[in-house]
Every structure is written in structure tokens, then in C-alpha cells.
Amino acid sequence: MPFKKGGFHLAIKYGCYIVPVAIYGSHDIMHTNGPIKSKKTIMMEIGKPISSADYSTKNMREFIIRGRDAVIKQMTSLSGAKK
């Protein structure tokens with residue numbers, strides 16, 4: 001799914017970092033609209049912060065893509081670690 005731009009817009013506006021976070025395995029333990037259905041291991045990886053200093057509202061799309069690519073890389077790493 002595409003990332004929403006709100007958090008990236010705020011990071012640019014206030015000069016903050018975006019921190020990519022990947023959570024792997026939570027889908028396996030959650031009901032669609034309810035409590036946890038089973039006890040299993042969930043893995044989480046917190047990535048390196050990405051500075052907003054090089055971005056503006058004009059090139060925010062590149063910032064979003066960079067953040068999304070970081071999370072995808074983390075998810076790939078986590079999925080390989082689970083096997």
C-alpha cells in the first residue's frame with residue numbers, strides 16, 4: 001500500500017527525521033476485528049533515521065519513496081530471518 005504523506009509533510013515542515021519501522025508477523029496473530037487469536041513471535045526492526053533536510057514539499061514524493069524503500073528492505077530482511 002502507498003504511504004500517506006502527512007507524516008512526511010510534518011517532518012519537512014518542522015525539520016524532523018522519519019524513522020522507518022517494520023513489524024513482521026503481526027498479521028498471523030490478529031483477528032480482523034478482534035483480539036489476538038494466538039501466541040506467536042512478532043519481529044520488529046527500527047531503521048536508521050532519515051533526515052528531512054534535503055526535502056521540501058516540491059520533492060516530498062522522493063522522501064516518501066525513500067522511507068517506503070527502507071521499510072520494504074527491513075521487511076525483506078525480517079521475512080528471511082523468520083524462515
# chains A, B, ... in the order shown; residues from 1 in each chain; ligands from 1
>>> residues_around(residues="A:Met1", least_positions_apart="3", cutoff="12 Å", atoms="only C-alpha atoms", output="PyMOL selection string")
chain A and resi 4+65+68+71-72
>>> write_last_selection(atoms="N, CA and C atoms", output="PDB file, in the first residue's frame")
ATOM      1  N   LYS A   4       1.061   7.267   3.339  1.00  0.00           N
ATOM      2  CA  LYS A   4       0.374   8.553   3.429  1.00  0.00           C
ATOM      3  C   LYS A   4       1.428   9.645   3.578  1.00  0.00           C
ATOM      4  N   ILE A  65       9.170   7.881  -1.019  1.00  0.00           N
ATOM      5  CA  ILE A  65       9.718   6.684  -1.664  1.00  0.00           C
ATOM      6  C   ILE A  65      10.929   6.172  -0.892  1.00  0.00           C
ATOM      7  N   ARG A  68       9.613   4.472   2.257  1.00  0.00           N
ATOM      8  CA  ARG A  68       8.947   3.212   1.912  1.00  0.00           C
ATOM      9  C   ARG A  68       9.975   2.149   1.512  1.00  0.00           C
ATOM     10  N   VAL A  71      11.538   0.651   4.600  1.00  0.00           N
ATOM     11  CA  VAL A  71      10.669  -0.308   5.281  1.00  0.00           C
ATOM     12  C   VAL A  71      10.589  -1.615   4.493  1.00  0.00           C
ATOM     13  N   ILE A  72      10.502  -1.533   3.185  1.00  0.00           N
ATOM     14  CA  ILE A  72      10.467  -2.748   2.359  1.00  0.00           C
ATOM     15  C   ILE A  72      11.747  -3.559   2.549  1.00  0.00           C
TER      16      ILE A  72
END
>>> select_by_dssp(residues="chain A", states="alpha helix (DSSP H)", output="MDAnalysis selection string")
chainID A and resid 6:14 60:82
>>> write_last_selection(atoms="C-alpha atoms", output="mmCIF file, in the first residue's frame")
data_model
loop_
_atom_site.group_PDB
_atom_site.id
_atom_site.type_symbol
_atom_site.label_atom_id
_atom_site.label_comp_id
_atom_site.auth_asym_id
_atom_site.auth_seq_id
_atom_site.Cartn_x
_atom_site.Cartn_y
_atom_site.Cartn_z
ATOM 1 C CA GLY A 6 1.052 13.515 6.385
ATOM 2 C CA GLY A 7 3.992 12.363 8.496
ATOM 3 C CA PHE A 8 6.466 13.256 5.774
ATOM 4 C CA HIS A 9 4.884 16.692 5.374
ATOM 5 C CA LEU A 10 5.253 17.335 9.122
ATOM 6 C CA ALA A 11 8.873 16.127 9.097
ATOM 7 C CA ILE A 12 9.674 18.592 6.306
ATOM 8 C CA LYS A 13 7.771 21.447 7.957
ATOM 9 C CA TYR A 14 9.492 21.026 11.338
ATOM 10 C CA MET A 60 8.254 15.157 -0.973
ATOM 11 C CA ARG A 61 7.432 12.200 -3.237
ATOM 12 C CA GLU A 62 11.137 11.216 -3.255
ATOM 13 C CA PHE A 63 11.170 11.444 0.564
ATOM 14 C CA ILE A 64 8.151 9.146 0.787
ATOM 15 C CA ILE A 65 9.718 6.684 -1.664
ATOM 16 C CA ARG A 66 12.952 6.669 0.335
ATOM 17 C CA GLY A 67 11.054 5.920 3.552
ATOM 18 C CA ARG A 68 8.947 3.212 1.912
ATOM 19 C CA ASP A 69 12.021 1.595 0.335
ATOM 20 C CA ALA A 70 13.676 1.486 3.768
ATOM 21 C CA VAL A 71 10.669 -0.308 5.281
ATOM 22 C CA ILE A 72 10.467 -2.748 2.359
ATOM 23 C CA LYS A 73 14.157 -3.577 2.820
ATOM 24 C CA GLN A 74 13.563 -4.183 6.528
ATOM 25 C CA MET A 75 10.524 -6.393 5.839
ATOM 26 C CA THR A 76 12.546 -8.457 3.369
ATOM 27 C CA SER A 77 15.276 -8.884 5.971
ATOM 28 C CA LEU A 78 12.769 -9.886 8.667
ATOM 29 C CA SER A 79 10.936 -12.344 6.429
ATOM 30 C CA GLY A 80 14.234 -14.076 5.649
ATOM 31 C CA ALA A 81 15.148 -14.211 9.335
ATOM 32 C CA LYS A 82 11.878 -15.937 10.235
#
>>> atom_distance(atom1="atom CA of A:Lys40", atom2="atom CA of A:His27")
10.4 Å
>>> atom_distance(atom1="atom CA of A:Ser51", atom2="atom CA of A:Gly15")
7.8 Å
>>> atom_distance(atom1="atom CA of A:Lys5", atom2="atom CA of A:Tyr55")
12.9 Å
